[in-house]
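Q: The following file, upload.txt, comprises compact mmCIF, C-alpha atoms:
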```txt
# COMPACT_ATOMS: atom_id res chain seq x y z
CA LEU A 797 -35.23 56.24 49.03
CA ALA A 798 -38.23 54.49 47.48
CA GLU A 799 -35.95 52.59 45.12
CA TYR A 800 -33.67 51.55 47.98
CA LEU A 801 -36.60 50.33 50.07
CA MET A 802 -38.01 48.39 47.13
CA LYS A 803 -34.73 46.57 46.63
CA ASN A 804 -33.65 46.06 50.23
CA THR A 805 -36.82 45.55 52.28
CA ASN A 806 -40.18 43.85 52.05
CA PHE A 807 -41.99 47.08 52.96
CA ASP A 808 -45.15 48.20 51.24
CA ILE A 809 -44.30 51.77 50.29
CA VAL A 810 -46.57 54.81 50.09
CA GLY A 811 -45.39 58.13 48.71
CA MET A 812 -47.09 61.42 49.48
CA ILE A 813 -47.41 63.73 46.47
CA ARG A 814 -49.13 66.99 45.63
CA SER A 815 -51.45 67.21 42.64
CA ARG A 816 -48.80 69.20 40.74
CA SER A 817 -45.86 66.99 41.74
CA SER A 818 -43.56 65.83 38.98
CA LEU A 819 -43.16 62.06 38.90
CA LYS A 820 -39.98 62.25 36.82
CA ASN A 821 -37.64 61.29 39.66
CA ILE A 822 -39.59 58.11 40.38
CA SER A 823 -40.03 57.07 36.75
CA SER A 824 -38.24 53.78 37.51
CA LEU A 825 -41.13 52.88 39.83
CA THR A 826 -44.11 53.78 37.66
CA LYS A 827 -44.61 50.19 36.48
CA ASN A 828 -44.93 49.02 40.08
CA ILE A 829 -47.24 51.94 40.90
CA ASN A 830 -49.50 51.25 37.91
CA GLU A 831 -49.63 47.53 38.72
CA LYS A 832 -50.12 48.23 42.44
CA LYS A 833 -47.08 46.16 43.37
CA ARG A 834 -45.80 47.24 46.81
CA ILE A 835 -45.94 50.94 46.08
CA LYS A 836 -48.69 53.53 45.75
CA LEU A 837 -49.11 57.30 45.92
CA VAL A 838 -51.49 59.38 48.05
CA TYR A 839 -52.31 63.05 47.57
CA ALA A 840 -51.57 65.46 50.40
CA ASP A 841 -49.82 68.77 51.07
CA LEU A 842 -47.84 69.87 54.12
CA LYS A 843 -49.72 73.19 54.03
CA ASP A 844 -53.09 71.41 54.30
CA GLY A 845 -53.59 69.75 57.67
CA ILE A 846 -56.78 67.96 56.61
CA SER A 847 -54.99 66.25 53.73
CA ILE A 848 -52.21 65.10 56.07
CA ILE A 849 -54.69 63.61 58.53
CA LYS A 850 -56.51 61.79 55.72
CA ALA A 851 -53.24 60.36 54.37
CA ILE A 852 -52.06 59.14 57.77
CA LYS A 853 -55.46 57.63 58.62
CA GLU A 854 -55.62 55.85 55.25
CA VAL A 855 -52.10 54.44 55.30
CA LYS A 856 -51.42 53.93 59.02
CA PRO A 857 -47.66 53.68 58.37
CA ASN A 858 -45.23 51.82 60.60
CA TYR A 859 -42.28 53.88 59.37
CA ILE A 860 -42.37 57.49 58.22
CA PHE A 861 -39.54 59.23 56.36
CA HIS A 862 -40.34 62.93 56.51
CA LEU A 863 -38.11 64.41 53.80
CA ALA A 864 -40.58 66.91 52.32
CA ALA A 865 -39.48 70.54 52.49
CA GLN A 866 -38.75 73.75 50.67
CA SER A 867 -35.13 72.69 50.50
CA ASP A 868 -33.23 75.38 48.61
CA PRO A 869 -31.36 77.88 50.84
CA LYS A 870 -31.03 80.50 48.08
CA THR A 871 -34.73 80.36 47.24
CA SER A 872 -35.55 80.84 50.91
CA PHE A 873 -34.17 84.39 50.80
CA TYR A 874 -36.97 85.19 48.32
CA THR A 875 -39.70 83.09 49.96
CA PRO A 876 -38.98 83.08 53.71
CA LEU A 877 -42.62 82.79 54.79
CA GLU A 878 -43.35 79.93 52.38
CA THR A 879 -40.19 78.19 53.59
CA THR A 880 -41.23 78.55 57.23
CA GLU A 881 -44.80 77.48 56.54
CA VAL A 882 -43.79 74.29 54.73
CA ASN A 883 -40.84 73.28 56.88
CA ILE A 884 -41.95 74.16 60.42
CA GLN A 885 -45.73 74.29 60.35
CA GLY A 886 -45.86 71.41 57.87
CA THR A 887 -43.82 69.26 60.26
CA ILE A 888 -46.14 70.16 63.14
CA ARG A 889 -49.18 69.18 61.05
CA LEU A 890 -47.59 65.86 60.18
CA LEU A 891 -46.49 65.00 63.71
CA GLU A 892 -49.87 66.00 65.19
CA ALA A 893 -51.57 63.64 62.74
CA CYS A 894 -49.12 60.90 63.70
CA ARG A 895 -49.64 61.55 67.42
CA GLU A 896 -53.37 61.16 66.99
CA HIS A 897 -53.51 58.19 64.62
CA VAL A 898 -50.17 56.29 64.62
CA PRO A 899 -48.47 57.19 67.92
CA LYS A 900 -46.17 54.15 67.86
CA SER A 901 -44.77 54.67 64.35
CA LEU A 902 -41.04 55.19 63.91
CA ILE A 903 -40.52 58.62 62.37
CA HIS A 904 -37.51 60.15 60.66
CA VAL A 905 -37.55 63.96 60.71
CA CYS A 906 -35.06 65.29 58.22
CA SER A 907 -33.34 68.42 59.50
CA SER A 908 -30.15 69.72 57.85
CA SER A 909 -26.51 70.54 58.46
CA GLU A 910 -27.49 74.08 57.50
CA VAL A 911 -28.75 74.54 61.07
CA TYR A 912 -25.12 74.95 62.15
CA GLY A 913 -24.57 77.71 59.62
CA ARG A 914 -21.65 80.01 60.40
CA VAL A 915 -19.33 77.68 62.30
CA SER A 916 -16.00 78.85 63.75
CA LYS A 917 -12.89 76.83 62.94
CA GLU A 918 -12.42 75.74 66.54
CA ASN A 919 -15.76 73.89 66.34
CA LEU A 920 -14.63 71.70 63.42
CA PRO A 921 -15.47 68.96 62.75
CA ILE A 922 -19.06 69.78 63.68
CA ASP A 923 -20.67 67.49 66.25
CA GLU A 924 -24.30 67.41 67.35
CA ASN A 925 -23.63 69.81 70.25
CA CYS A 926 -22.31 72.59 68.05
CA PRO A 927 -24.35 75.81 68.53
CA PHE A 928 -26.83 76.76 65.81
CA HIS A 929 -25.94 79.87 63.80
CA PRO A 930 -28.23 79.81 60.73
CA ALA A 931 -27.16 81.60 57.56
CA SER A 932 -30.46 81.56 55.62
CA PRO A 933 -34.23 81.53 56.18
CA TYR A 934 -34.05 77.88 55.11
CA ALA A 935 -31.60 77.14 57.93
CA ILE A 936 -33.85 78.95 60.41
CA SER A 937 -36.80 76.86 59.24
CA LYS A 938 -34.78 73.68 59.66
CA ILE A 939 -33.89 74.64 63.22
CA GLY A 940 -37.62 74.83 63.80
CA THR A 941 -38.12 71.45 62.12
CA ASP A 942 -35.32 69.97 64.24
CA LEU A 943 -36.72 71.31 67.53
CA VAL A 944 -40.29 70.34 66.67
CA GLY A 945 -39.14 66.75 66.13
CA ARG A 946 -37.35 66.65 69.48
CA HIS A 947 -40.29 68.29 71.26
CA PHE A 948 -42.78 65.69 70.02
CA ALA A 949 -40.41 62.90 71.03
CA GLU A 950 -39.98 64.28 74.54
CA ALA A 951 -43.46 65.67 75.20
CA TYR A 952 -45.48 62.79 73.73
CA ASN A 953 -43.03 59.88 73.94
CA MET A 954 -43.07 59.43 70.16
CA ASN A 955 -40.46 57.40 68.28
CA ILE A 956 -38.89 60.30 66.41
CA MET A 957 -35.28 60.50 65.24
CA ILE A 958 -33.71 63.57 63.61
CA THR A 959 -30.97 63.68 60.98
CA ARG A 960 -28.73 66.61 60.10
CA MET A 961 -27.51 65.47 56.73
CA PHE A 962 -24.53 67.30 55.24
CA THR A 963 -24.14 67.95 51.53
CA HIS A 964 -25.25 64.96 49.46
CA THR A 965 -25.67 64.78 45.74
CA GLY A 966 -25.79 62.50 42.73
CA PRO A 967 -28.01 61.69 39.76
CA ARG A 968 -31.34 63.58 39.72
CA ARG A 969 -30.07 66.36 41.98
CA SER A 970 -31.97 69.60 41.27
CA ASP A 971 -30.12 72.23 39.28
CA PHE A 972 -30.88 74.73 42.06
CA PHE A 973 -27.80 73.33 43.80
CA ALA A 974 -24.26 74.32 42.81
CA GLU A 975 -22.64 71.07 41.72
CA SER A 976 -25.71 69.97 39.80
CA SER A 977 -25.93 73.34 38.08
CA PHE A 978 -22.26 72.95 37.09
CA ALA A 979 -22.89 69.48 35.64
CA LYS A 980 -25.96 70.71 33.77
CA GLN A 981 -24.06 73.64 32.29
CA ILE A 982 -21.25 71.33 31.17
CA ALA A 983 -23.76 69.02 29.48
CA MET A 984 -25.32 72.03 27.73
CA ILE A 985 -21.87 73.23 26.64
CA GLU A 986 -21.01 69.79 25.26
CA LYS A 987 -24.20 69.85 23.17
CA LYS A 988 -23.40 73.41 22.03
CA ILE A 989 -26.58 74.81 23.55
CA ILE A 990 -24.68 77.49 25.47
CA LYS A 991 -21.24 79.02 25.09
CA PRO A 992 -18.31 77.32 26.92
CA THR A 993 -18.56 79.46 30.05
CA ILE A 994 -19.79 78.15 33.40
CA TYR A 995 -21.46 80.70 35.63
CA HIS A 996 -21.01 80.22 39.36
CA GLY A 997 -21.51 81.77 42.78
CA ASN A 998 -19.28 81.40 45.84
CA LEU A 999 -16.56 78.83 45.11
CA ASP A 1000 -14.77 79.08 48.46
CA SER A 1001 -17.32 77.41 50.73
CA LEU A 1002 -16.01 74.17 52.19
CA ARG A 1003 -18.25 71.13 51.89
CA THR A 1004 -18.06 67.46 52.86
CA ILE A 1005 -19.67 65.52 50.03
CA ALA A 1006 -21.79 62.38 50.29
CA ASP A 1007 -23.71 60.45 47.66
CA VAL A 1008 -27.50 60.48 47.81
CA ARG A 1009 -27.49 56.68 47.47
CA ASP A 1010 -25.47 56.44 50.68
CA ALA A 1011 -27.77 58.97 52.34
CA VAL A 1012 -30.94 56.91 51.80
CA ARG A 1013 -29.18 53.81 53.12
CA ALA A 1014 -28.41 55.81 56.26
CA TYR A 1015 -32.04 56.88 56.58
CA HIS A 1016 -33.22 53.29 56.47
CA LEU A 1017 -30.70 52.27 59.14
CA LEU A 1018 -31.80 55.18 61.33
CA LEU A 1019 -35.27 53.68 61.81
CA THR A 1020 -34.38 49.98 61.72
CA LYS A 1021 -31.09 49.56 63.63
CA ASN A 1022 -31.47 50.21 67.36
CA PRO A 1023 -33.55 53.38 66.94
CA LYS A 1024 -33.40 55.81 69.88
CA LYS A 1025 -36.28 58.23 70.21
CA GLY A 1026 -35.49 61.92 70.42
CA GLU A 1027 -31.89 61.61 69.21
CA SER A 1028 -30.29 63.81 66.53
CA TYR A 1029 -27.51 62.59 64.23
CA ASN A 1030 -25.03 64.17 61.87
CA ILE A 1031 -24.68 62.17 58.65
CA GLY A 1032 -22.17 63.02 55.94
CA GLY A 1033 -19.51 61.87 53.55
CA ALA A 1034 -15.78 61.37 53.93
CA TYR A 1035 -14.50 63.75 51.23
CA THR A 1036 -14.10 67.46 51.95
CA CYS A 1037 -13.40 70.10 49.32
CA ARG A 1038 -14.24 73.61 48.17
CA ILE A 1039 -17.20 74.10 45.87
CA GLY A 1040 -14.61 75.36 43.39
CA ASP A 1041 -12.84 72.00 43.58
CA MET A 1042 -16.07 70.26 42.58
CA LEU A 1043 -16.38 72.58 39.62
CA ASP A 1044 -12.76 72.01 38.60
CA TYR A 1045 -13.18 68.23 38.73
CA LEU A 1046 -16.35 68.32 36.65
CA ILE A 1047 -14.61 70.49 34.05
CA SER A 1048 -11.68 68.07 34.01
CA ILE A 1049 -13.91 65.16 32.95
CA SER A 1050 -15.77 67.15 30.29
CA THR A 1051 -15.27 66.41 26.61
CA ASN A 1052 -14.96 70.16 26.04
CA LYS A 1053 -11.46 71.34 26.94
CA ASN A 1054 -12.10 75.07 26.52
CA ILE A 1055 -14.51 75.75 29.35
CA LYS A 1056 -14.10 79.02 31.24
CA LYS A 1057 -15.50 80.10 34.61
CA LYS A 1058 -17.30 83.35 35.35
CA LEU A 1059 -18.75 84.75 38.57
CA ASP A 1060 -22.47 85.49 38.42
CA ARG A 1061 -23.37 87.68 41.39
CA ASN A 1062 -27.00 86.62 41.14
CA ARG A 1063 -25.86 83.17 42.24
CA LEU A 1064 -24.40 84.47 45.51
CA ARG A 1065 -26.36 84.16 48.74
CA PRO A 1066 -26.53 87.20 51.04
CA LEU A 1067 -24.92 84.96 53.69
CA ASP A 1068 -23.32 81.55 53.32
CA ALA A 1069 -22.60 78.57 55.57
CA ASP A 1070 -19.01 78.10 54.51
CA LEU A 1071 -17.45 75.46 56.80
CA GLN A 1072 -19.54 72.29 56.54
CA ILE A 1073 -17.37 69.47 57.92
CA PRO A 1074 -19.20 66.87 60.04
CA ASN A 1075 -18.28 64.64 62.91
CA THR A 1076 -20.42 61.54 62.26
CA THR A 1077 -19.12 59.42 65.15
CA LYS A 1078 -22.47 59.31 66.93
CA PHE A 1079 -24.33 57.89 63.94
CA TYR A 1080 -21.51 55.42 63.17
CA ASN A 1081 -21.57 54.12 66.74
CA GLN A 1082 -25.34 53.69 66.48
CA THR A 1083 -25.55 51.98 63.07
CA ARG A 1084 -22.01 51.30 61.76
CA TRP A 1085 -22.94 53.23 58.62
CA LYS A 1086 -20.13 54.40 56.38
CA PRO A 1087 -20.29 56.00 52.93
CA ARG A 1088 -19.56 53.64 50.05
CA TYR A 1089 -19.56 55.93 47.03
CA LYS A 1090 -16.38 57.86 46.26
CA PHE A 1091 -16.44 61.55 45.35
CA LYS A 1092 -15.28 61.02 41.77
CA GLN A 1093 -17.92 58.36 41.13
CA THR A 1094 -20.64 60.64 42.44
CA MET A 1095 -19.50 63.50 40.20
CA LYS A 1096 -19.20 61.25 37.15
CA ASP A 1097 -22.69 59.84 37.70
CA LEU A 1098 -24.11 63.34 38.19
CA LEU A 1099 -22.56 64.58 34.94
CA GLU A 1100 -23.71 61.50 33.05
CA TYR A 1101 -27.24 62.05 34.33
CA TRP A 1102 -27.25 65.59 32.96
CA ARG A 1103 -25.79 64.47 29.64
CA LYS A 1104 -28.72 62.12 29.20
CA GLU A 1105 -31.21 64.77 30.35
CA ILE A 1106 -29.90 67.40 27.94
CA LYS A 1107 -29.74 64.91 25.09
CA ASN A 1108 -33.35 63.85 25.58
CA ASN A 1109 -34.98 67.04 26.89
CA ALA A 1110 -32.77 69.95 25.81
CA ASN A 1111 -35.66 72.38 25.29
CA GLU A 1112 -36.80 72.03 28.91
CA TYR A 1113 -33.70 73.61 30.44
CA ILE A 1114 -32.34 77.10 30.85
CA ASN A 1115 -29.05 78.14 32.40
CA ARG A 1116 -30.12 79.06 35.90
```
Translate this file's structure into structure tokens.

A:
Amino acid sequence: LAEYLMKNTNFDIVGMIRSRSSLKNISSLTKNINEKKRIKLVYADLKDGISIIKAIKEVKPNYIFHLAAQSDPKTSFYTPLETTEVNIQGTIRLLEACREHVPKSLIHVCSSSEVYGRVSKENLPIDENCPFHPASPYAISKIGTDLVGRHFAEAYNMNIMITRMFTHTGPRRSDFFAESSFAKQIAMIEKKIIKPTIYHGNLDSLRTIADVRDAVRAYHLLLTKNPKKGESYNIGGAYTCRIGDMLDYLISISTNKNIKKKLDRNRLRPLDADLQIPNTTKFYNQTRWKPRYKFKQTMKDLLEYWRKEIKNNANEYINR
């Protein structure tokens, strides 16, 4: 998002980081940060209300993209209280600070398609009125995030818009997520770090795939093209497939032609949101946004990212 805003706007950009935050994913921007050219970082933590207030008072932002979260559904089964604290209470802390110090700012609250959870086939494709049926503590926390955003918009007349982004991926995607774990394992296999077997969880879940570079373009449009306070929008790609189909495609473009697949039950969630197909008509009508990146390009770029990572930093990675 920061890279997109640097290239496509004249915004001065401020990123909120924790003291232990890795800066690896914004390495392309470190020159600008060091030279204080349009971008800087401030220290804060969603679990520390005082730090949030200080950051908002210092920056006084016109636009706020609230993407910070504990964002891994599987991890949330092990850390449900941490997930709730960061995602719900953290959002309340942020919006209270905004209400007090920048009440006119345009604010993007990032919810998730996971709020819909266990969707019946008759409700496909999923529109914004589909009932919530969360399938993880993460999804429950995002319902809270979603409703907190709407509440602040309605109760305090704040300029808050909510997105329910469906699966999006691409270079720099964390290996906590299935398709990125597959790409990482393939890169490790190609470098002969691990044996030619890819370990996986549930391959039957249906997903509609978008590229992260399309997602951040959508986020920018959300706040800059006819923004409507209190509204929630589904955003997602145009290509639907099983998780197993993603794995099969990644294997097909590997240089190793002897890769096998093996179920690892530790990679299964206790419950899964298995029919994630969005209806994005509402957001299209609002912004005319459409995805530009094709599925195969996204997968190729993701695999190439991991090839470079494993080549340069092989000792940092384990097969998780």

Q: Draw an axis-aligned box over all listed atoms of segment 857-860 of chain A, pad each side with 6 Å, and write its centre and edge lengths in Å, one decimal, as JSON.

A:
```
{"center_x": -45.0, "center_y": 54.7, "center_z": 59.4, "size_x": 17.4, "size_y": 17.7, "size_z": 14.4}
```

Q: Please write as a list in words the list of polymer residues whose atoms come within 7 Å of (-49.2, 71.5, 59.6), counting only C-alpha atoms and keeping to the coordinates of the file.

A: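 Here is the list of nearby residues: Leu842, Lys843, Asp844, Gly845, Gln885, Gly886, Thr887, Ile888, Arg889 and Leu890 of chain A.
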
Q: Write the residues of the preceding selection, restricted to C-alpha atoms, as a PDB file, in the coordinates of the input.

A:
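The result, stored in result-v4.pdb:
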```
ATOM      1  CA  LEU A 842     -47.840  69.870  54.120  1.00  0.00           C
ATOM      2  CA  LYS A 843     -49.720  73.190  54.030  1.00  0.00           C
ATOM      3  CA  ASP A 844     -53.090  71.410  54.300  1.00  0.00           C
ATOM      4  CA  GLY A 845     -53.590  69.750  57.670  1.00  0.00           C
ATOM      5  CA  GLN A 885     -45.730  74.290  60.350  1.00  0.00           C
ATOM      6  CA  GLY A 886     -45.860  71.410  57.870  1.00  0.00           C
ATOM      7  CA  THR A 887     -43.820  69.260  60.260  1.00  0.00           C
ATOM      8  CA  ILE A 888     -46.140  70.160  63.140  1.00  0.00           C
ATOM      9  CA  ARG A 889     -49.180  69.180  61.050  1.00  0.00           C
ATOM     10  CA  LEU A 890     -47.590  65.860  60.180  1.00  0.00           C
TER      11      LEU A 890
END
```

Q: Would you list the contacts of segment 953-955 of chain A as a ChimeraX atom specification, taking every protein, DNA or RNA residue within 8 Å and counting all atoms listed in the file, but skipping same-chain residues closer than 4 positions in sequence?

A: /A:895,899-903,948-949,1024-1026

Q: Of the candidates A:Leu1017, A:Trp1085, A:Asn1054, A:Ser908, which shows the shortest atom-to-atom distance to Ala1034 of chain A, using all atoms listed in the file?

A: A:Trp1085

Q: In Å, with one decimal, what is the gap from atom CA of Thr965 of chain A to atom CA of Leu801 of chain A?

A: 18.6 Å

Q: Go through A:Tyr912, A:Tyr874, A:Tyr800, A:Tyr859 one by one, measure the shortest atom-to-atom distance of each to Asp1068 of chain A using all atoms listed in the file, and give the residue with the smallest value.

A: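 Nearest to Asp1068 of chain A: A:Tyr912.
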
Q: At what distance in Å, to one decimal, does atom CA of Ile860 of chain A lie from atom CA of Val905 of chain A?

A: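 A separation of 8.4 Å between them.
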
Q: Which distance in Å separates atom CA of Ile829 of chain A and atom CA of Tyr1101 of chain A, to one decimal?

A: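 A separation of 23.4 Å between them.
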
Q: Anything within 9 Å of (-23.8, 59.2, 68.3): list those residues as an mmCIF file with C-alpha atoms, keeping the file's coordinate frame, counting only C-alpha atoms and sticking to the file's coordinates.

A:
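File written: result.cif
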```cif
data_model
loop_
_atom_site.group_PDB
_atom_site.id
_atom_site.type_symbol
_atom_site.label_atom_id
_atom_site.label_comp_id
_atom_site.auth_asym_id
_atom_site.auth_seq_id
_atom_site.Cartn_x
_atom_site.Cartn_y
_atom_site.Cartn_z
ATOM 1 C CA GLU A 924 -24.300 67.410 67.350
ATOM 2 C CA GLU A 1027 -31.890 61.610 69.210
ATOM 3 C CA SER A 1028 -30.290 63.810 66.530
ATOM 4 C CA TYR A 1029 -27.510 62.590 64.230
ATOM 5 C CA ASN A 1030 -25.030 64.170 61.870
ATOM 6 C CA THR A 1076 -20.420 61.540 62.260
ATOM 7 C CA THR A 1077 -19.120 59.420 65.150
ATOM 8 C CA LYS A 1078 -22.470 59.310 66.930
ATOM 9 C CA PHE A 1079 -24.330 57.890 63.940
ATOM 10 C CA TYR A 1080 -21.510 55.420 63.170
ATOM 11 C CA ASN A 1081 -21.570 54.120 66.740
ATOM 12 C CA GLN A 1082 -25.340 53.690 66.480
#
```

Q: Go through A:Leu943, A:Phe1091, A:Pro933, A:Asn1052 one by one, measure the shortest atom-to-atom distance of each to Ile1005 of chain A using all atoms listed in the file, and give the residue with the smallest value.

A: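 With all atoms listed in the file as the atom set, the closest residue is A:Phe1091.
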
Q: Which residues are near Gly997 of chain A? Cut-off 12 Å, only C-alpha atoms, ignore same chain within fewer than 5 positions. Put them as a ChimeraX atom specification.

A: /A:870,972-975,977-978,1039-1040,1043,1057-1068,1116

Q: Take the residues just selected and output them with C-alpha atoms as a compact mmCIF listing (two decimals), keeping the file's coordinate frame.

A:
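The result, stored in result.txt:
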```txt
# COMPACT_ATOMS: atom_id res chain seq x y z
CA LYS A 870 -31.03 80.50 48.08
CA PHE A 972 -30.88 74.73 42.06
CA PHE A 973 -27.80 73.33 43.80
CA ALA A 974 -24.26 74.32 42.81
CA GLU A 975 -22.64 71.07 41.72
CA SER A 977 -25.93 73.34 38.08
CA PHE A 978 -22.26 72.95 37.09
CA ILE A 1039 -17.20 74.10 45.87
CA GLY A 1040 -14.61 75.36 43.39
CA LEU A 1043 -16.38 72.58 39.62
CA LYS A 1057 -15.50 80.10 34.61
CA LYS A 1058 -17.30 83.35 35.35
CA LEU A 1059 -18.75 84.75 38.57
CA ASP A 1060 -22.47 85.49 38.42
CA ARG A 1061 -23.37 87.68 41.39
CA ASN A 1062 -27.00 86.62 41.14
CA ARG A 1063 -25.86 83.17 42.24
CA LEU A 1064 -24.40 84.47 45.51
CA ARG A 1065 -26.36 84.16 48.74
CA PRO A 1066 -26.53 87.20 51.04
CA LEU A 1067 -24.92 84.96 53.69
CA ASP A 1068 -23.32 81.55 53.32
CA ARG A 1116 -30.12 79.06 35.90
```

Q: With distances taken over only C-alpha atoms, which residue among A:Glu1105, A:Met812, A:Ile956, A:Thr1020 lies nearest Ser847 of chain A?

A: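 Using only C-alpha atoms, Ser847 of chain A sits closest to A:Met812.
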
Q: Quick one: residues within 9 Å of Asp1007 of chain A, only C-alpha atoms, excluding same-chain residues fewer than 3 positions away - as a PyMOL selection string?

A: chain A and resi 963-966+1010-1011+1032-1033+1087-1091+1093-1094

Q: So which one's closest to Ile989 of chain A, A:Cys906, A:Ala1110, A:Ile958, A:Ile813? Using only C-alpha atoms, please.

A: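 Using only C-alpha atoms, Ile989 of chain A sits closest to A:Ala1110.
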
Q: So, with only C-alpha atoms as the atoms that count, which of A:Ile922, A:Val1012, A:Ile1047, A:Ala864 lies closest to Asn804 of chain A?

A: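 Distance minimum relative to Asn804 of chain A lands on A:Val1012.
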
Q: Just want the 12 Å neighbourhood of Met984 of chain A, counted on all atoms listed in the file, with same-chain residues fewer than 6 positions away dropped. Output as a PyMOL selection string.

A: chain A and resi 977-978+990-994+1050-1052+1055+1099-1100+1102-1116

Q: List as a ChimeraX atom specification the protein and nucleic acid residues near Asp1070 of chain A, meaning an atom at most 7 Å away when all atoms listed in the file are counted, but skip any in the same chain fewer than 5 places from it.

A: /A:914,1001-1002
